[in-house]
>>> print(open('run36.cif').read())   # mmCIF, C-alpha atoms
data_protein
#
loop_
_atom_site.label_atom_id
_atom_site.label_comp_id
_atom_site.auth_asym_id
_atom_site.auth_seq_id
_atom_site.Cartn_x
_atom_site.Cartn_y
_atom_site.Cartn_z
CA MET P 1 101.61 55.44 73.70
CA ILE P 2 103.16 51.98 74.01
CA GLY P 3 102.57 48.76 72.10
CA LEU P 4 103.32 45.35 73.60
CA ILE P 5 103.47 42.06 71.70
CA PHE P 6 104.10 38.97 73.78
CA ASP P 7 103.90 35.19 73.39
CA VAL P 8 102.63 32.90 76.15
CA GLU P 9 102.89 29.12 76.31
CA PHE P 10 100.06 27.20 77.96
CA MET P 11 100.83 24.34 80.31
CA TRP P 12 97.63 22.48 79.33
CA GLY P 13 95.02 25.09 78.44
CA PHE P 14 92.87 27.43 80.48
CA GLN P 15 89.59 27.82 82.33
CA ALA P 16 87.59 30.98 81.63
CA ARG P 17 83.97 30.07 82.09
CA VAL P 18 80.95 31.86 80.62
CA ALA P 19 79.39 33.92 83.39
CA GLY P 20 75.78 33.85 84.50
CA MET P 21 74.78 30.45 83.11
CA SER P 22 75.03 27.91 85.95
CA LYS P 23 77.53 25.97 88.00
CA SER P 24 78.07 23.83 84.90
CA SER P 25 78.89 26.68 82.54
CA PRO P 26 81.13 26.03 79.51
CA SER P 27 84.51 27.61 78.87
CA PHE P 28 85.37 30.08 76.13
CA SER P 29 87.31 28.85 73.10
CA PHE P 30 89.91 31.59 73.58
CA PRO P 31 90.74 33.75 76.61
CA PRO P 32 88.45 36.82 76.64
CA PRO P 33 90.15 40.24 76.48
CA THR P 34 88.97 41.00 80.02
CA VAL P 35 90.65 37.82 81.30
CA ILE P 36 93.92 38.89 79.68
CA LEU P 37 93.55 42.31 81.32
CA GLY P 38 93.01 40.55 84.63
CA ALA P 39 96.16 38.47 84.13
CA LEU P 40 98.11 41.69 83.53
CA ALA P 41 96.46 43.56 86.40
CA GLU P 42 98.01 41.25 89.00
CA PRO P 43 101.68 42.17 88.34
CA VAL P 44 100.75 45.82 87.72
CA ALA P 45 98.95 46.02 91.08
CA ARG P 46 101.90 44.37 92.80
CA ARG P 47 104.34 46.89 91.29
CA LEU P 48 102.09 49.80 92.31
CA LYS P 49 101.78 48.26 95.79
CA ALA P 50 98.01 48.23 95.49
CA GLY P 51 96.16 46.06 97.99
CA GLU P 52 93.98 43.12 97.07
CA GLY P 53 90.93 45.31 97.53
CA ASN P 54 92.19 47.64 94.78
CA TYR P 55 92.57 44.83 92.24
CA VAL P 56 89.32 45.76 90.47
CA ASN P 57 90.40 49.40 90.33
CA THR P 58 93.65 48.35 88.64
CA ILE P 59 91.71 46.52 85.92
CA ALA P 60 89.51 49.61 85.44
CA LYS P 61 92.62 51.81 85.04
CA LEU P 62 94.06 49.42 82.46
CA SER P 63 90.75 49.44 80.60
CA LYS P 64 90.68 53.25 80.42
CA SER P 65 94.22 53.34 79.03
CA LEU P 66 93.71 50.43 76.62
CA LEU P 67 93.59 51.32 72.91
CA ALA P 68 93.81 47.85 71.35
CA LEU P 69 93.89 44.19 72.37
CA GLY P 70 94.10 41.37 69.84
CA ILE P 71 95.06 37.71 70.07
CA LYS P 72 96.01 34.95 67.67
CA SER P 73 96.89 31.30 68.05
CA LEU P 74 100.32 30.51 66.67
CA ASN P 75 100.04 26.72 66.70
CA PHE P 76 97.06 25.35 68.62
CA ILE P 77 93.39 24.50 68.23
CA PRO P 78 91.10 25.06 71.24
CA LEU P 79 89.14 22.01 72.42
CA LYS P 80 86.33 22.77 74.86
CA TYR P 81 85.15 20.13 77.32
CA GLN P 82 83.56 19.70 80.74
CA ASP P 83 84.60 17.37 83.54
CA LEU P 84 83.23 16.67 87.00
CA ASN P 85 84.81 18.61 89.85
CA ARG P 86 84.07 17.87 93.49
CA VAL P 87 83.41 21.19 95.24
CA LEU P 88 84.63 21.23 98.84
CA ALA P 89 82.81 23.87 100.89
CA LEU P 90 83.27 23.31 104.62
CA ARG P 91 80.89 25.37 106.72
CA THR P 92 78.39 25.34 109.61
CA SER P 93 74.90 26.82 109.27
CA ASP P 94 72.22 26.74 112.00
CA ASN P 95 74.47 24.42 113.98
CA VAL P 96 74.46 21.97 111.07
CA ARG P 97 77.81 20.89 109.71
CA TYR P 98 78.18 20.86 105.94
CA PRO P 99 78.93 18.41 104.50
CA SER P 100 76.99 15.98 106.61
CA PRO P 101 78.69 12.71 107.56
CA ASN P 102 75.41 10.97 106.73
CA PRO P 103 75.55 9.91 103.05
CA GLY P 104 71.77 9.94 102.90
CA GLU P 105 71.54 13.69 103.43
CA VAL P 106 72.05 14.73 99.84
CA TYR P 107 71.38 18.44 100.35
CA ALA P 108 74.07 18.67 103.01
CA SER P 109 76.76 16.92 100.98
CA PHE P 110 79.34 18.10 98.48
CA ASP P 111 78.18 18.52 94.91
CA ALA P 112 80.15 17.64 91.80
CA PRO P 113 79.21 20.00 88.94
CA ALA P 114 80.69 19.79 85.47
CA ARG P 115 83.14 22.67 84.98
CA GLY P 116 84.05 23.94 81.53
CA LYS P 117 87.69 23.96 80.46
CA THR P 118 89.56 24.54 77.20
CA SER P 119 92.50 22.38 76.16
CA THR P 120 95.00 24.00 73.79
CA SER P 121 95.95 21.23 71.37
CA SER P 122 99.22 21.87 69.51
CA ILE P 123 99.26 21.15 65.78
CA ASP P 124 103.05 21.08 65.35
CA GLY P 125 104.36 19.26 68.44
CA ARG P 126 105.60 22.44 70.12
CA PRO P 127 104.05 23.97 73.24
CA PRO P 128 100.71 25.68 72.45
CA THR P 129 101.41 29.39 72.12
CA LEU P 130 99.16 32.44 72.06
CA ARG P 131 100.34 35.83 70.80
CA VAL P 132 98.83 38.96 72.35
CA PHE P 133 99.06 42.49 70.93
CA MET P 134 98.12 45.31 73.30
CA VAL P 135 98.34 49.08 72.94
CA PHE P 136 98.03 51.57 75.81
CA LYS P 137 97.86 55.35 75.55
CA ASP P 138 100.17 55.89 78.54
CA ASP P 139 102.91 54.07 80.40
CA ILE P 140 100.73 52.35 83.00
CA VAL P 141 102.17 48.98 81.88
CA LYS P 142 105.88 48.16 81.95
CA VAL P 143 107.67 45.38 80.07
CA GLU P 144 108.57 43.83 83.42
CA ASP P 145 104.84 43.41 84.15
CA ILE P 146 104.40 41.26 81.04
CA TRP P 147 107.20 38.91 82.10
CA LYS P 148 105.48 38.40 85.47
CA ILE P 149 102.21 37.07 84.01
CA LYS P 150 101.85 33.51 85.30
CA ARG P 151 98.26 32.56 84.51
CA ILE P 152 95.46 33.45 82.12
CA GLY P 153 92.14 32.32 83.57
CA SER P 154 91.65 30.41 86.81
CA LYS P 155 94.46 29.63 89.24
CA GLU P 156 95.15 26.35 87.44
CA SER P 157 95.52 28.04 84.02
CA LEU P 158 99.29 28.38 84.15
CA VAL P 159 101.22 30.07 81.34
CA SER P 160 104.81 31.06 80.68
CA VAL P 161 105.76 34.26 78.85
CA ILE P 162 108.51 33.44 76.34
CA ASP P 163 108.93 36.64 74.31
CA VAL P 164 108.08 40.34 74.63
CA VAL P 165 108.40 43.13 72.05
CA SER P 166 107.64 46.75 72.97
CA GLY P 167 107.68 50.08 71.16
CA GLU P 168 105.58 52.96 69.91
CA PRO P 169 103.15 51.68 67.26
CA THR P 170 102.23 53.44 64.04
CA VAL P 171 98.58 54.46 63.62
CA ILE P 172 96.94 53.30 60.37
CA ARG P 173 93.63 54.74 59.19
CA GLY P 174 91.34 53.42 56.50
CA ASP P 175 92.11 49.93 55.16
CA ILE P 176 94.27 47.43 57.05
CA GLU P 177 95.21 43.76 56.85
CA THR P 178 95.56 41.68 60.01
CA ASP P 179 95.50 38.14 61.38
CA TYR P 180 94.60 39.14 64.94
CA SER P 181 91.16 38.92 66.52
CA TYR P 182 88.88 41.88 65.86
CA PRO P 183 85.43 43.05 67.02
CA ILE P 184 82.44 42.70 64.72
CA SER P 185 80.96 46.15 64.20
CA ASN P 186 79.06 48.18 61.61
CA ALA P 187 82.09 50.50 61.60
CA ILE P 188 84.42 47.63 60.60
CA GLN P 189 83.80 46.37 57.07
CA VAL P 190 85.30 43.06 55.93
CA ILE P 191 86.71 43.46 52.41
CA ASP P 192 88.34 40.05 52.01
CA THR P 193 89.19 37.13 54.28
CA ASP P 194 91.38 34.03 54.12
CA GLY P 195 91.56 31.08 56.48
CA THR P 196 89.19 29.80 59.16
CA TRP P 197 87.68 32.17 61.70
CA ILE P 198 85.40 31.48 64.65
CA SER P 199 83.19 33.88 66.57
CA GLU P 200 83.03 34.43 70.34
CA HIS P 201 80.89 36.77 72.44
CA PHE P 202 83.09 38.74 74.83
CA VAL P 203 82.72 41.73 77.12
CA SER P 204 84.36 44.81 75.62
CA PRO P 205 87.71 45.48 77.35
CA PHE P 206 87.33 49.22 76.69
CA ASP P 207 84.35 49.86 78.99
CA LEU P 208 84.47 48.06 82.32
CA SER P 209 81.90 50.21 84.10
CA ASP P 210 80.87 47.09 86.03
CA SER P 211 82.33 43.64 86.59
CA PRO P 212 82.72 41.58 83.37
CA ALA P 213 80.39 38.88 84.79
CA VAL P 214 77.58 41.41 85.33
CA LEU P 215 78.08 43.03 81.92
CA TYR P 216 78.08 39.62 80.20
CA SER P 217 74.93 38.51 82.04
CA LYS P 218 73.17 41.70 80.89
CA GLY P 219 74.07 40.94 77.28
CA LEU P 220 76.39 43.96 77.06
CA GLY P 221 79.05 42.23 75.02
CA VAL P 222 80.79 42.37 71.66
CA GLN P 223 81.15 39.65 69.07
CA TYR P 224 84.78 38.92 68.10
CA ASN P 225 86.24 37.00 65.16
CA ILE P 226 89.30 34.89 66.01
CA GLY P 227 91.38 32.98 63.46
CA LEU P 228 92.52 29.36 63.61
CA PRO P 229 96.06 28.47 62.44
CA PHE P 230 95.13 25.83 59.86
CA ARG P 231 96.68 27.71 56.92
CA ASP P 232 97.51 31.26 55.81
CA LEU P 233 95.25 33.54 57.81
CA SER P 234 94.40 37.15 57.07
CA VAL P 235 91.51 39.57 56.79
CA LYS P 236 91.31 42.93 55.02
CA LEU P 237 89.24 45.49 56.89
CA ARG P 238 87.96 48.98 56.15
CA LEU P 239 87.84 50.96 59.37
CA ASN P 240 85.48 53.83 60.13
CA GLY P 241 85.90 55.24 63.63
CA TRP P 242 88.46 52.55 64.43
CA VAL P 243 92.17 52.51 63.58
CA GLY P 244 94.95 50.01 63.11
CA TYR P 245 98.12 49.91 65.21
CA LYS P 246 101.29 48.54 63.61
CA LEU P 247 104.36 47.34 65.49
CA ASN P 248 107.06 44.89 64.37
CA ASN P 249 105.09 44.20 61.13
CA GLU P 250 102.03 43.15 63.17
CA VAL P 251 98.71 45.02 62.91
CA VAL P 252 95.83 45.04 65.39
CA VAL P 253 92.44 46.80 65.36
CA GLY P 254 91.87 49.34 68.13
CA ARG P 255 89.90 52.38 69.12
CA ASN P 256 90.83 55.84 67.92
CA VAL P 257 93.10 57.94 70.12
#
>>> encode(input="run36.cif", output="structure tokens")
Amino acid sequence: MIGLIFDVEFMWGFQARVAGMSKSSPSFSFPPPTVILGALAEPVARRLKAGEGNYVNTIAKLSKSLLALGIKSLNFIPLKYQDLNRVLALRTSDNVRYPSPNPGEVYASFDAPARGKTSTSSIDGRPPTLRVFMVFKDDIVKVEDIWKIKRIGSKESLVSVIDVVSGEPTVIRGDIETDYSYPISNAIQVIDTDGTWISEHFVSPFDLSDSPAVLYSKGLGVQYNIGLPFRDLSVKLRLNGWVGYKLNNEVVVGRNV
């Protein structure tokens, strides 16, 4: 078992749009766990010399080994917005060139849908930083893979890894206290909470039997609570069927071994 805690700085924010809504779908407030797994799968697949066609299989392997994944903002507030993006799709269909050079042919021209994005607005003047705590039951992930993460979200969602801590975490059963994101479940009882928390609907990173977009569209997701760094943030939880993992004085909620 290995625990990995790493900090990533955002260049401007990220784009991780809600699947199955429309071309003009909004972005999530925070990167979903599956998006973070996808960001990690790229360097892992490269190290394992897996082809591009095996990329999905790499994410599935990471999901099977994953025991915990929590995030917390160290110094930023997410600001969701949508802006117009001109979509360039050059093609020929039935001997008709798209887009048409005739501006009157609307259906053969480029469209400009509003695309959701999330800006990470720093509250202390330093680069906006997200901390991620992951636990795997085997050594499928190496520390070198974490350092090679370069984006979280779309290709424009550039990040820079600035710190990595690794080690074997301690398993905590019963009551825990954490400031990381956690799933809302009948098996996780909130005893006390401090600070401001928001809720997001994500696909569970522990069961990727299908693509995250398909699972999300089918409503097969999990509600997560994620804290905002306005002031001291913590929540006391009583776990039944779940456990806590502690490393470097940080605690995250995860599934039982």
>>> closest_residue(input="run36.cif", among="P:Gly174, P:Pro31, P:Gly195, P:Gly227", to="Ser157 (chain P)", atoms="only C-alpha atoms")
P:Pro31
>>> atom_distance(input="run36.cif", atom1="CA of Asp192 (chain P)", atom2="CA of Phe30 (chain P)")
23.2 Å
>>> atom_distance(input="run36.cif", atom1="CA of Ser160 (chain P)", atom2="CA of Leu215 (chain P)")
29.3 Å
>>> closest_residue(input="run36.cif", among="P:Glu177, P:Glu9, P:Glu42, P:Asp207", to="Pro128 (chain P)", atoms="all atoms listed in the file")
P:Glu9
>>> atom_distance(input="run36.cif", atom1="CA of Leu62 (chain P)", atom2="CA of Tyr182 (chain P)")
19.0 Å
>>> residues_around(input="run36.cif", residues="Leu247 (chain P)", least_positions_apart="5", cutoff="10 Å", atoms="all atoms listed in the file", output="VMD selection string")
chain P and resid 2 to 5 133 135 165 to 171 252
>>> write_last_selection(input="run36.cif", atoms="C-alpha atoms", output="compact mmCIF listing (two decimals), in the coordinates of the input")
# COMPACT_ATOMS: atom_id res chain seq x y z
CA ILE P 2 103.16 51.98 74.01
CA GLY P 3 102.57 48.76 72.10
CA LEU P 4 103.32 45.35 73.60
CA ILE P 5 103.47 42.06 71.70
CA PHE P 133 99.06 42.49 70.93
CA VAL P 135 98.34 49.08 72.94
CA VAL P 165 108.40 43.13 72.05
CA SER P 166 107.64 46.75 72.97
CA GLY P 167 107.68 50.08 71.16
CA GLU P 168 105.58 52.96 69.91
CA PRO P 169 103.15 51.68 67.26
CA THR P 170 102.23 53.44 64.04
CA VAL P 171 98.58 54.46 63.62
CA VAL P 252 95.83 45.04 65.39
>>> residues_around(input="run36.cif", residues="region 138-146 of chain P", least_positions_apart="3", cutoff="7 Å", atoms="all atoms listed in the file", output="list in words")
Met1, Ile2, Leu40, Pro43, Val44, Ser65 and Ile149 of chain P
>>> resolve_selection(input="run36.cif", expression="the PyMOL selection byres ((chain P and resi 71) around 8)", output="list in words")
Leu69, Gly70, Lys72, Ser73, Leu130, Arg131, Val132, Phe133, Tyr180, Ser181 and Ile226 of chain P
>>> closest_residue(input="run36.cif", among="P:Arg173, P:Lys246, P:Arg126, P:Arg151", to="Leu74 (chain P)", atoms="only C-alpha atoms")
P:Arg126
